[in-house]
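Student: One file is attached below, structure_9.csv, containing CSV, C-alpha atoms.
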```
chain,number,residue,atom,x,y,z
A,1,MET,CA,176.8,171.4,118.2
A,2,GLU,CA,175.5,170.3,114.7
A,3,GLU,CA,175.5,166.7,116.0
A,4,ALA,CA,173.4,167.7,119.0
A,5,LEU,CA,171.0,169.6,116.8
A,6,TRP,CA,170.7,166.5,114.6
A,7,PHE,CA,169.8,164.3,117.6
A,8,LYS,CA,167.2,166.8,118.8
A,9,GLY,CA,165.6,166.4,115.4
A,10,VAL,CA,165.6,162.7,115.8
A,11,GLN,CA,163.9,163.1,119.2
A,12,ALA,CA,161.3,165.5,117.8
A,13,LYS,CA,160.5,163.0,115.0
A,14,ALA,CA,160.2,160.1,117.5
A,15,ALA,CA,157.9,162.1,119.7
A,16,ALA,CA,155.7,162.9,116.8
A,17,LEU,CA,155.6,159.3,115.6
A,18,ALA,CA,154.9,157.6,119.0
A,19,PRO,CA,151.1,158.3,119.3
A,20,SER,CA,150.5,156.6,115.9
A,21,LEU,CA,152.4,153.4,116.7
A,22,LYS,CA,151.3,150.3,118.6
A,23,ARG,CA,152.9,148.8,121.6
A,24,PRO,CA,154.8,145.5,121.1
A,25,VAL,CA,152.8,142.3,121.7
A,26,PHE,CA,153.9,139.8,124.3
A,27,ASP,CA,152.2,136.4,124.1
A,28,LYS,CA,149.9,135.6,127.1
A,29,ILE,CA,150.8,138.8,128.9
A,30,ASP,CA,148.3,141.6,129.1
A,31,SER,CA,150.4,144.7,129.6
A,32,ARG,CA,147.9,147.3,128.5
A,33,ASP,CA,147.5,148.8,132.0
A,34,TRP,CA,151.2,148.7,132.7
A,35,ASP,CA,152.7,152.1,133.4
A,36,LEU,CA,155.2,152.3,130.5
A,37,GLU,CA,154.5,155.8,129.4
A,38,LEU,CA,157.4,158.2,129.7
A,39,GLY,CA,157.2,161.8,130.9
A,40,ALA,CA,158.3,162.0,134.5
A,41,ARG,CA,161.1,164.5,134.6
A,42,ASP,CA,164.6,163.3,135.7
A,43,GLN,CA,165.7,164.8,139.0
A,44,THR,CA,168.7,162.6,139.9
A,45,ASP,CA,170.7,163.7,142.9
A,46,PRO,CA,174.4,163.8,141.8
A,47,GLU,CA,175.4,163.0,145.4
A,48,LEU,CA,173.1,160.0,145.9
A,49,ALA,CA,174.8,157.2,147.8
A,50,ILE,CA,175.6,154.1,145.7
A,51,PRO,CA,176.1,150.5,146.9
A,52,PRO,CA,179.9,149.6,147.1
A,53,GLU,CA,179.5,146.7,144.7
A,54,PHE,CA,179.2,149.2,141.9
A,55,ALA,CA,182.2,151.4,142.8
A,56,HIS,CA,184.8,149.9,140.5
A,57,GLN,CA,183.1,150.1,137.1
A,58,GLN,CA,184.8,151.6,134.0
A,59,LEU,CA,181.7,153.7,133.6
A,60,LEU,CA,179.0,154.3,136.3
A,61,GLN,CA,175.7,156.1,135.7
A,62,VAL,CA,173.0,156.9,138.2
A,63,GLY,CA,169.9,158.1,136.5
A,64,SER,CA,171.0,160.9,134.1
A,65,VAL,CA,174.2,161.5,136.0
A,66,THR,CA,177.5,160.0,135.1
A,67,ARG,CA,179.3,159.4,138.4
A,68,SER,CA,182.6,157.9,137.2
A,69,ARG,CA,184.7,157.2,134.1
A,70,ASN,CA,187.8,155.0,134.3
A,71,LEU,CA,188.8,154.0,130.8
A,72,ARG,CA,192.1,152.2,130.8
A,73,GLU,CA,195.0,153.9,129.2
A,74,ASP,CA,195.8,150.9,126.9
A,75,LEU,CA,192.3,151.2,125.5
A,76,ARG,CA,192.6,155.0,124.9
A,77,ALA,CA,195.9,154.3,123.0
A,78,GLN,CA,194.1,151.8,120.8
A,79,GLY,CA,191.4,154.3,119.9
A,80,VAL,CA,188.6,152.6,121.9
A,81,ILE,CA,185.8,154.9,122.9
A,82,VAL,CA,183.7,154.5,126.1
A,83,CYS,CA,181.8,157.6,127.0
A,84,ASP,CA,178.4,158.8,128.1
A,85,TRP,CA,175.7,160.1,125.9
A,86,ALA,CA,176.4,163.8,126.3
A,87,GLU,CA,180.1,163.3,125.4
A,88,ALA,CA,179.2,161.1,122.5
A,89,LEU,CA,176.9,163.9,121.1
A,90,GLU,CA,179.6,166.5,121.6
A,91,LYS,CA,182.7,164.6,120.4
A,92,HIS,CA,181.6,161.6,118.4
A,93,GLY,CA,178.4,162.7,116.6
A,94,ASP,CA,179.7,161.2,113.3
A,95,LEU,CA,179.5,157.7,114.9
A,96,LEU,CA,176.0,158.4,116.4
A,97,GLN,CA,174.6,159.7,113.1
A,98,LYS,CA,176.0,156.7,111.2
A,99,TYR,CA,174.9,153.9,113.6
A,100,PHE,CA,172.1,155.2,115.9
A,101,GLY,CA,168.8,153.4,115.0
A,102,GLN,CA,170.5,150.7,112.7
A,103,ALA,CA,169.6,147.9,115.1
A,104,VAL,CA,166.5,149.4,116.7
A,105,PRO,CA,164.6,151.8,114.4
A,106,ILE,CA,162.9,154.6,116.3
A,107,ASP,CA,159.6,153.7,114.6
A,108,GLU,CA,159.7,150.0,115.4
A,109,ASN,CA,156.9,150.3,118.0
A,110,ARG,CA,155.5,152.9,120.3
A,111,LEU,CA,157.8,152.1,123.2
A,112,THR,CA,161.0,152.4,121.0
A,113,ALA,CA,159.7,155.8,119.7
A,114,GLU,CA,159.0,157.1,123.2
A,115,HIS,CA,162.4,155.8,124.3
A,116,ALA,CA,164.2,157.7,121.5
A,117,ALA,CA,162.2,160.9,122.3
A,118,ASN,CA,163.2,160.8,126.0
A,119,ILE,CA,166.8,159.5,126.2
A,120,ASN,CA,168.4,161.2,129.1
A,121,ASN,CA,171.6,159.2,129.3
A,122,GLY,CA,173.4,156.2,127.9
A,123,ILE,CA,176.8,155.1,126.6
A,124,LEU,CA,178.7,154.8,123.4
A,125,VAL,CA,181.3,152.0,123.0
A,126,TYR,CA,183.3,151.9,119.9
A,127,VAL,CA,186.1,149.4,119.1
A,128,PRO,CA,188.2,150.3,116.0
A,129,LYS,CA,189.1,148.0,113.2
A,130,ASN,CA,191.4,145.1,114.0
A,131,VAL,CA,191.5,146.0,117.7
A,132,ALA,CA,191.2,143.2,120.3
A,133,VAL,CA,190.0,144.4,123.8
A,134,LYS,CA,191.4,141.7,126.1
A,135,GLU,CA,189.8,142.7,129.4
A,136,PRO,CA,186.0,143.2,129.7
A,137,ILE,CA,184.6,146.7,129.6
A,138,THR,CA,182.4,146.9,132.7
A,139,VAL,CA,179.6,149.4,133.2
A,140,ALA,CA,176.7,149.9,135.6
A,141,TYR,CA,173.4,151.8,135.2
A,142,LEU,CA,171.6,152.5,138.4
A,143,GLN,CA,168.0,153.6,138.4
A,144,ASP,CA,167.4,156.4,140.9
A,145,ALA,CA,164.1,155.4,142.5
A,146,SER,CA,164.5,157.7,145.5
A,147,LYS,CA,161.8,159.9,143.8
A,148,LYS,CA,159.3,159.8,140.9
A,149,GLN,CA,161.3,159.9,137.6
A,150,ASP,CA,161.8,158.0,134.4
A,151,PHE,CA,164.9,155.9,133.8
A,152,VAL,CA,165.8,156.1,130.1
A,153,GLU,CA,169.1,154.6,129.0
A,154,HIS,CA,170.5,154.0,125.5
A,155,VAL,CA,173.5,151.8,124.8
A,156,LEU,CA,175.2,151.8,121.4
A,157,LEU,CA,178.1,149.3,121.1
A,158,ILE,CA,179.9,149.2,117.8
A,159,ALA,CA,182.5,146.5,117.0
A,160,ASP,CA,184.3,147.6,113.8
A,161,VAL,CA,185.7,145.2,111.2
A,162,ASN,CA,187.7,142.3,112.7
A,163,SER,CA,187.6,143.7,116.2
A,164,SER,CA,186.7,141.9,119.4
A,165,VAL,CA,185.3,143.0,122.8
A,166,SER,CA,183.7,141.7,125.9
A,167,TYR,CA,181.2,144.0,127.6
A,168,MET,CA,179.6,143.5,131.0
A,169,GLU,CA,176.6,145.5,132.0
A,170,SER,CA,174.7,145.7,135.4
A,171,LEU,CA,171.3,147.2,135.8
A,172,ALA,CA,170.0,147.9,139.3
A,173,THR,CA,167.7,150.2,141.3
A,174,ILE,CA,168.4,152.5,144.3
A,175,GLY,CA,165.3,153.4,146.2
A,176,ALA,CA,161.7,152.1,146.4
A,177,GLU,CA,159.6,154.6,144.5
A,178,ALA,CA,157.3,153.2,141.7
A,179,ASN,CA,159.0,154.2,138.4
A,180,THR,CA,159.2,153.4,134.7
A,181,ALA,CA,162.4,152.2,133.0
A,182,SER,CA,163.2,152.2,129.3
A,183,ILE,CA,166.4,150.6,128.2
A,184,VAL,CA,167.4,150.0,124.6
A,185,VAL,CA,170.7,148.4,123.5
A,186,GLU,CA,172.0,148.4,120.0
A,187,VAL,CA,175.0,146.1,119.1
A,188,ILE,CA,176.5,146.6,115.7
A,189,ALA,CA,178.9,143.7,114.9
A,190,ARG,CA,180.7,144.5,111.7
A,191,ALA,CA,182.3,141.9,109.4
A,192,GLY,CA,184.6,139.5,111.2
A,193,SER,CA,184.1,141.0,114.7
A,194,GLN,CA,183.4,139.1,117.9
A,195,VAL,CA,181.3,140.5,120.7
A,196,LYS,CA,180.6,138.9,124.1
A,197,TYR,CA,177.8,140.8,125.8
A,198,ALA,CA,176.8,140.0,129.4
A,199,GLY,CA,173.9,141.7,131.1
A,200,ILE,CA,172.8,141.2,134.7
A,201,ASP,CA,169.5,142.9,135.5
A,202,ARG,CA,168.2,143.5,139.0
A,203,LEU,CA,165.7,146.3,138.8
A,204,GLY,CA,163.5,147.0,141.8
A,205,GLN,CA,160.2,145.5,142.8
A,206,LYS,CA,158.3,148.7,142.0
A,207,THR,CA,159.9,149.2,138.6
A,208,THR,CA,157.9,148.6,135.4
A,209,ALA,CA,160.4,148.2,132.5
A,210,TYR,CA,160.7,147.7,128.8
A,211,ILE,CA,164.1,146.4,127.9
A,212,LYS,CA,165.1,145.9,124.3
A,213,ARG,CA,168.5,144.5,123.3
A,214,VAL,CA,169.2,143.9,119.6
A,215,ALA,CA,172.3,142.9,117.6
A,216,LYS,CA,172.9,143.6,113.9
A,217,ILE,CA,175.5,141.0,112.8
A,218,ASP,CA,177.4,141.2,109.5
A,219,GLN,CA,179.4,138.7,107.6
A,220,ASP,CA,181.4,136.2,109.7
A,221,ALA,CA,180.8,138.2,112.8
A,222,LYS,CA,179.5,136.6,116.1
A,223,VAL,CA,177.7,137.9,119.1
A,224,ASP,CA,177.4,135.8,122.3
A,225,TRP,CA,174.7,137.0,124.7
A,226,ALA,CA,174.6,136.0,128.4
A,227,LEU,CA,171.6,137.6,130.1
A,228,GLY,CA,170.5,137.2,133.7
A,229,MET,CA,166.9,138.5,134.0
A,230,LEU,CA,166.8,138.8,137.8
A,231,SER,CA,164.7,141.9,138.3
A,232,ASP,CA,161.8,142.0,140.8
A,233,GLY,CA,159.3,144.2,139.0
A,234,LYS,CA,157.1,144.0,135.9
A,235,ILE,CA,159.4,143.3,132.9
A,236,LEU,CA,158.9,143.2,129.2
A,237,GLY,CA,162.1,142.0,127.4
A,238,ASP,CA,162.7,142.1,123.7
A,239,PHE,CA,166.0,140.4,122.6
A,240,ASP,CA,166.8,140.0,118.9
A,241,SER,CA,169.8,138.9,116.9
A,242,ASN,CA,169.6,139.8,113.2
A,243,LEU,CA,172.0,137.7,111.3
A,244,ILE,CA,172.5,139.8,108.2
A,245,GLY,CA,175.8,138.5,106.7
A,246,THR,CA,176.9,135.2,105.3
A,247,GLY,CA,178.4,133.1,108.1
A,248,SER,CA,177.1,135.4,110.9
A,249,LYS,CA,176.5,133.7,114.3
A,250,ALA,CA,174.6,134.4,117.5
A,251,ASP,CA,174.3,132.5,120.8
A,252,MET,CA,171.5,133.8,123.0
A,253,ASN,CA,171.9,132.4,126.6
A,254,ILE,CA,169.2,133.6,129.0
A,255,ILE,CA,168.2,132.8,132.6
A,256,ALA,CA,165.2,134.3,134.3
A,257,ILE,CA,163.8,134.1,137.8
A,258,THR,CA,160.4,135.5,139.0
A,259,ILE,CA,159.3,135.8,142.6
A,260,GLY,CA,156.3,137.1,144.6
A,261,ASP,CA,153.6,138.3,142.3
A,262,GLN,CA,156.1,139.5,139.6
A,263,ILE,CA,155.4,139.2,135.9
A,264,GLN,CA,158.1,138.8,133.2
A,265,GLY,CA,157.5,138.4,129.5
A,266,LEU,CA,160.5,137.7,127.3
A,267,ASN,CA,160.5,137.6,123.5
A,268,THR,CA,163.8,136.2,122.2
A,269,VAL,CA,164.2,136.2,118.4
A,270,VAL,CA,166.9,135.1,115.9
A,271,ASN,CA,166.3,136.3,112.3
A,272,ASN,CA,168.5,134.4,109.8
A,273,TYR,CA,169.0,136.6,106.7
A,274,GLY,CA,172.5,135.5,105.7
A,275,ARG,CA,173.5,132.2,104.0
A,276,LYS,CA,175.0,129.7,106.4
A,277,SER,CA,174.1,131.9,109.4
A,278,VAL,CA,173.8,130.2,112.8
A,279,GLY,CA,171.5,131.3,115.6
A,280,HIS,CA,170.9,129.4,118.8
A,281,ILE,CA,168.6,130.3,121.7
A,282,LEU,CA,168.9,128.7,125.1
A,283,GLN,CA,166.5,129.9,127.8
A,284,HIS,CA,165.9,128.5,131.3
A,285,GLY,CA,163.5,130.1,133.8
A,286,VAL,CA,162.4,129.5,137.4
A,287,ILE,CA,159.1,130.7,138.9
A,288,LEU,CA,158.4,131.0,142.6
A,289,GLN,CA,155.2,131.9,144.6
A,290,ARG,CA,152.4,133.5,142.5
A,291,SER,CA,154.7,135.0,139.8
A,292,SER,CA,154.5,134.5,136.1
A,293,LEU,CA,157.2,134.0,133.4
A,294,ILE,CA,156.5,133.6,129.7
A,295,PHE,CA,159.3,132.6,127.3
A,296,ASP,CA,158.7,133.2,123.6
A,297,GLY,CA,161.5,131.9,121.4
A,298,ILE,CA,161.3,132.7,117.7
A,299,GLY,CA,163.7,131.4,115.0
A,300,HIS,CA,162.9,132.9,111.6
A,301,VAL,CA,164.9,131.7,108.5
A,302,MET,CA,164.3,134.2,105.7
A,303,LYS,CA,164.1,133.6,102.0
A,304,GLY,CA,167.6,133.3,100.6
A,305,ALA,CA,169.3,132.1,103.8
A,306,LYS,CA,170.3,128.7,102.5
A,307,GLY,CA,172.4,126.6,104.8
A,308,ALA,CA,171.2,128.6,107.8
A,309,ASP,CA,170.9,126.9,111.3
A,310,ALA,CA,168.2,127.9,113.8
A,311,GLN,CA,168.0,126.0,117.0
A,312,GLN,CA,166.3,126.8,120.3
A,313,GLU,CA,165.5,125.4,123.8
A,314,ASN,CA,163.1,127.0,126.2
A,315,ARG,CA,162.5,125.4,129.6
A,316,VAL,CA,160.6,126.6,132.7
A,317,LEU,CA,160.7,125.2,136.2
A,318,MET,CA,157.8,126.0,138.7
A,319,LEU,CA,158.2,125.8,142.4
A,320,SER,CA,154.6,126.7,143.3
A,321,ARG,CA,151.2,125.5,142.2
A,322,ALA,CA,150.1,129.2,142.2
A,323,ALA,CA,152.9,130.1,139.7
A,324,ARG,CA,152.2,130.5,136.0
A,325,GLY,CA,154.7,129.8,133.3
A,326,ASP,CA,154.9,129.0,129.6
A,327,ALA,CA,157.5,128.3,127.0
A,328,ASN,CA,156.5,128.9,123.4
A,329,PRO,CA,159.0,127.9,120.7
A,330,ILE,CA,158.2,129.1,117.2
A,331,LEU,CA,160.1,128.3,113.9
A,332,LEU,CA,159.3,130.2,110.7
A,333,ILE,CA,161.1,128.7,107.7
A,334,ASP,CA,161.0,130.6,104.4
A,335,ASP,CA,163.6,128.6,102.5
A,336,ASN,CA,164.9,125.1,101.8
A,337,ASP,CA,168.2,123.5,102.7
A,338,VAL,CA,168.3,124.7,106.3
A,339,PHE,CA,168.7,123.2,109.7
A,340,ALA,CA,166.1,124.0,112.4
A,341,GLY,CA,164.9,122.5,115.6
A,342,HIS,CA,163.3,123.4,119.0
A,343,ALA,CA,162.6,122.0,122.5
A,344,ALA,CA,160.4,123.3,125.2
A,345,SER,CA,159.1,122.1,128.6
A,346,VAL,CA,157.3,123.5,131.6
A,347,GLY,CA,157.4,121.4,134.8
A,348,ARG,CA,157.7,121.3,138.6
A,349,VAL,CA,160.6,120.5,140.9
A,350,ASP,CA,161.5,116.7,140.9
A,351,GLU,CA,160.2,115.5,144.3
A,352,GLN,CA,162.6,112.6,144.2
A,353,GLN,CA,165.6,114.9,143.8
A,354,LEU,CA,164.3,117.0,146.8
A,355,TYR,CA,163.7,113.9,148.9
A,356,TYR,CA,167.2,112.5,148.1
A,357,LEU,CA,168.8,115.8,149.2
A,358,MET,CA,166.7,116.2,152.3
A,359,SER,CA,167.2,112.6,153.4
A,360,ARG,CA,170.9,113.5,153.7
A,361,GLY,CA,170.2,116.3,156.1
A,362,ILE,CA,170.0,119.2,153.7
A,363,PRO,CA,167.2,121.7,154.7
A,364,LYS,CA,164.3,121.9,152.2
A,365,LYS,CA,165.0,125.5,151.1
A,366,THR,CA,168.7,124.7,150.5
A,367,ALA,CA,167.7,121.5,148.6
A,368,GLU,CA,165.4,123.6,146.4
A,369,ARG,CA,168.2,126.0,145.6
A,370,LEU,CA,170.5,123.1,144.7
A,371,VAL,CA,167.9,121.6,142.3
A,372,ILE,CA,167.4,125.0,140.7
A,373,ARG,CA,171.1,125.5,140.3
A,374,GLY,CA,171.3,122.2,138.5
A,375,PHE,CA,168.4,123.2,136.2
A,376,LEU,CA,170.1,126.6,135.3
A,377,GLY,CA,173.5,124.9,134.9
A,378,PRO,CA,173.2,124.2,131.2
A,379,VAL,CA,172.8,127.9,130.5
A,380,LEU,CA,175.3,129.2,133.1
A,381,THR,CA,178.1,126.9,131.8
A,382,ARG,CA,177.6,128.3,128.3
A,383,VAL,CA,178.6,131.8,129.6
A,384,PRO,CA,182.1,132.3,128.1
A,385,SER,CA,183.4,134.6,130.9
A,386,ALA,CA,184.3,133.0,134.3
A,387,ASP,CA,183.8,136.4,136.0
A,388,VAL,CA,180.3,136.7,134.5
A,389,ARG,CA,179.4,133.1,135.5
A,390,GLN,CA,180.5,133.9,139.1
A,391,ARG,CA,178.5,137.0,139.3
A,392,LEU,CA,175.4,135.3,137.8
A,393,PHE,CA,175.7,132.4,140.3
A,394,ALA,CA,175.9,135.0,143.2
A,395,MET,CA,172.9,137.0,141.9
A,396,VAL,CA,170.8,133.9,141.3
A,397,GLU,CA,171.5,132.7,144.8
A,398,ARG,CA,170.5,136.1,146.2
A,399,LYS,CA,167.3,136.3,144.3
A,400,LEU,CA,166.3,132.7,145.2
A,401,ILE,CA,166.8,133.4,148.9
A,402,ASP,CA,164.7,136.6,148.6
A,403,GLY,CA,162.0,134.6,146.9
A,404,GLN,CA,162.1,131.9,149.6
A,405,ASP,CA,161.9,134.6,152.3
A,406,MET,CA,158.5,135.7,150.8
A,407,GLU,CA,157.0,132.2,151.6
```
Render the structure in this file as C-alpha cells.

Tutor:
Amino acid sequence: MEEALWFKGVQAKAAALAPSLKRPVFDKIDSRDWDLELGARDQTDPELAIPPEFAHQQLLQVGSVTRSRNLREDLRAQGVIVCDWAEALEKHGDLLQKYFGQAVPIDENRLTAEHAANINNGILVYVPKNVAVKEPITVAYLQDASKKQDFVEHVLLIADVNSSVSYMESLATIGAEANTASIVVEVIARAGSQVKYAGIDRLGQKTTAYIKRVAKIDQDAKVDWALGMLSDGKILGDFDSNLIGTGSKADMNIIAITIGDQIQGLNTVVNNYGRKSVGHILQHGVILQRSSLIFDGIGHVMKGAKGADAQQENRVLMLSRAARGDANPILLIDDNDVFAGHAASVGRVDEQQLYYLMSRGIPKKTAERLVIRGFLGPVLTRVPSADVRQRLFAMVERKLIDGQDME
C-alpha cells in the first residue's frame, strides 16, 4: 500500500509539472497539431477478442487489462520477475521506487510527464545478479482501439549485475478508432549485464503515438537494440542509449517503413559518458506513396569519455516521387582521443536492379520488395536472434504488401 501511495505521489507531481514543460523537438516534423494529449479514460473490454498470433506470449496486455501471464517455472526458481504494473506496485514497490525514472525522468519533457501522470498498465522485468535467462521473454501490448481511449504503457526492465536476458516485445492495435498512444521503456543495464531488446511495432493507421525507449548502461554492460518501426499511424520515436560506465556498449539497429500519407519521425541518440564506451547506430528506412520518414541520428561524446567510439549510419530509400525522407547524422564531440564517424544517404530504387529482376519474369511489385529486402538486409542480419529476424522479415513483407495495395 505504501508503494502504491508513493507512486500516486509521483503521478500527481508529473501532472503538476506537465503544463510548464515543452514537447520534444523532432527535426523537420511539425507535430504541434498532433493529438498527443492524454486524458481519454480507459474502458478496455476484458473479453475483447485478440488475434491468434498473440496467444502464446509470456505476458499479454490489452489496453489496461492483463489477459495472460505464463512465466516459466525455471525463471521463477531463479528469482526472475515478470509482472504487470499493478502487481509490481503491490509486491515489488522497492524495485519501482529504486529504478523508476532513472532512464526517463518524468520531467524530461511534456510528453514524458503526461505519460507518468497517466500510466494505466505496463510491465516490470527484473533479472537478479548473475542469472542468465537463456530463452527470450516474450510480451505483447495490444492497443484497444475499439473505442475512444488512451493507450499508456510503461516498461521497466532491470538487468542486475552480471545478468543476461533477451526480451521480445510486440506492439499492435485492435480496432480502428482514432486514439493516442504513449509508450515509455526504461532499460537499466547494471555492471557486466547483457540485454538483447527486440521491439516490433505495428500500431494502427489512426493511432498517433509517442514512443520513448531509453537504456542506462553501466560499466562493461551491453544493450543490443533491434527495432522494427512498422506502424501505420503518426509516430514520434525517441530512442536513447546512455553509456554511463567505462566499457559500456550499445548497438542500435532500426528499420522503419512508412506507407500512404503516414509520418514517422525518429530521433536515435547515443550519449557516451564512460571512458572506452562504444555506441553504434544503424538505421535503414523505406518510404512509399506520399509518406514521410525523418531519421535523426545523434552521437554525443561527453567531456571525460576518452577512448569512446561513436559511429552511425542512416539511410533512406524512397519508392515514390511524392515521398519525403531525410537522414540527418549529427556528431557532438566534447573530448579528444575518441573515434567517431557517420554516413547518410537518401535515394530512390535502383532502376537497373528492377529492370534486371523484371527481365527474368518477376512482377514489378515483387521485384520492388526484393530490392527493399536487400536494402534492409544489413540491419536485419545484425539482429542477434533468429526468431526476431524471422518475425521482422514477415512483418516487413506484410507492410510492404499493404503499401503496394494502396497504389

Student: Which is closest to Phe100 (chain A) among A:Ser385, A:Gln11, A:Asn272, A:Gln264, if we use all atoms listed in the file?

Tutor: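 Looking at the shortest contact to Phe100 (chain A), the residue is A:Gln11.
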
Student: Find the distance between CA of Gly265 (chain A) and CA of Asp27 (chain A) and write it in Å to one decimal.

Tutor: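 Between these atoms lies a distance of 7.8 Å.
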
Student: Could you list, with a cut-off of 12 Å and counting only C-alpha atoms, the residues of region 99-171 of chain A near region 232-246 of chain A, each shown with its nearest atom pair and the distance in Å rounded to one decimal, rows sorted by chain and ascending number, as CSV?

Tutor:
```
residue,atom,partner,partner_atom,distance
A:Gln102,CA,A:Asn242,CA,10.9
A:Ala103,CA,A:Asn242,CA,8.3
A:Val104,CA,A:Asp240,CA,9.7
A:Glu108,CA,A:Asp238,CA,11.8
A:Asn109,CA,A:Asp238,CA,11.5
A:Leu111,CA,A:Leu236,CA,10.8
A:Thr112,CA,A:Asp238,CA,10.8
A:Leu171,CA,A:Asp232,CA,11.9
```

Student: Provide the CA of Asp107 (chain A) to CA of Val184 (chain A) distance in Å, to one decimal place.

Tutor: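 So the answer is 13.2 Å.
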
Student: Which residue gives the smallest distance to Glu90 (chain A) among A:Ala215, A:Leu157, A:Met252, A:Ala4, with all atoms listed in the file counted?

Tutor: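 Closest residue, counting all atoms listed in the file: A:Ala4.
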
Student: Since the input has fewer atoms than a full residue there, write region 125-137 of chain A out with N, CA and C atoms, as a PDB file, keeping the file's coordinate frame.

Tutor:
```pdb
ATOM      1  N   VAL A 125     180.047 152.818 123.021  1.00  0.00           N
ATOM      2  CA  VAL A 125     181.300 152.000 123.000  1.00  0.00           C
ATOM      3  C   VAL A 125     181.645 151.778 121.566  1.00  0.00           C
ATOM      4  N   TYR A 126     182.871 152.146 121.218  1.00  0.00           N
ATOM      5  CA  TYR A 126     183.300 151.900 119.900  1.00  0.00           C
ATOM      6  C   TYR A 126     184.717 151.257 119.908  1.00  0.00           C
ATOM      7  N   VAL A 127     184.842 150.117 119.203  1.00  0.00           N
ATOM      8  CA  VAL A 127     186.100 149.400 119.100  1.00  0.00           C
ATOM      9  C   VAL A 127     186.565 149.492 117.648  1.00  0.00           C
ATOM     10  N   PRO A 128     187.717 150.136 117.379  1.00  0.00           N
ATOM     11  CA  PRO A 128     188.200 150.300 116.000  1.00  0.00           C
ATOM     12  C   PRO A 128     188.498 149.019 115.280  1.00  0.00           C
ATOM     13  N   LYS A 129     188.698 149.119 113.979  1.00  0.00           N
ATOM     14  CA  LYS A 129     189.100 148.000 113.200  1.00  0.00           C
ATOM     15  C   LYS A 129     190.313 147.279 113.684  1.00  0.00           C
ATOM     16  N   ASN A 130     190.240 145.939 113.704  1.00  0.00           N
ATOM     17  CA  ASN A 130     191.400 145.100 114.000  1.00  0.00           C
ATOM     18  C   ASN A 130     191.905 145.239 115.453  1.00  0.00           C
ATOM     19  N   VAL A 131     191.116 145.863 116.339  1.00  0.00           N
ATOM     20  CA  VAL A 131     191.500 146.000 117.700  1.00  0.00           C
ATOM     21  C   VAL A 131     190.869 144.924 118.579  1.00  0.00           C
ATOM     22  N   ALA A 132     191.663 144.254 119.392  1.00  0.00           N
ATOM     23  CA  ALA A 132     191.200 143.200 120.300  1.00  0.00           C
ATOM     24  C   ALA A 132     191.229 143.761 121.731  1.00  0.00           C
ATOM     25  N   VAL A 133     190.085 143.923 122.370  1.00  0.00           N
ATOM     26  CA  VAL A 133     190.000 144.400 123.800  1.00  0.00           C
ATOM     27  C   VAL A 133     190.074 143.119 124.635  1.00  0.00           C
ATOM     28  N   LYS A 134     191.158 142.944 125.366  1.00  0.00           N
ATOM     29  CA  LYS A 134     191.400 141.700 126.100  1.00  0.00           C
ATOM     30  C   LYS A 134     190.614 141.582 127.375  1.00  0.00           C
ATOM     31  N   GLU A 135     190.533 142.678 128.146  1.00  0.00           N
ATOM     32  CA  GLU A 135     189.800 142.700 129.400  1.00  0.00           C
ATOM     33  C   GLU A 135     188.395 143.210 129.201  1.00  0.00           C
ATOM     34  N   PRO A 136     187.385 142.689 129.922  1.00  0.00           N
ATOM     35  CA  PRO A 136     186.000 143.200 129.700  1.00  0.00           C
ATOM     36  C   PRO A 136     185.854 144.649 130.043  1.00  0.00           C
ATOM     37  N   ILE A 137     185.021 145.321 129.276  1.00  0.00           N
ATOM     38  CA  ILE A 137     184.600 146.700 129.600  1.00  0.00           C
ATOM     39  C   ILE A 137     183.384 146.545 130.527  1.00  0.00           C
TER      40      ILE A 137
END
```
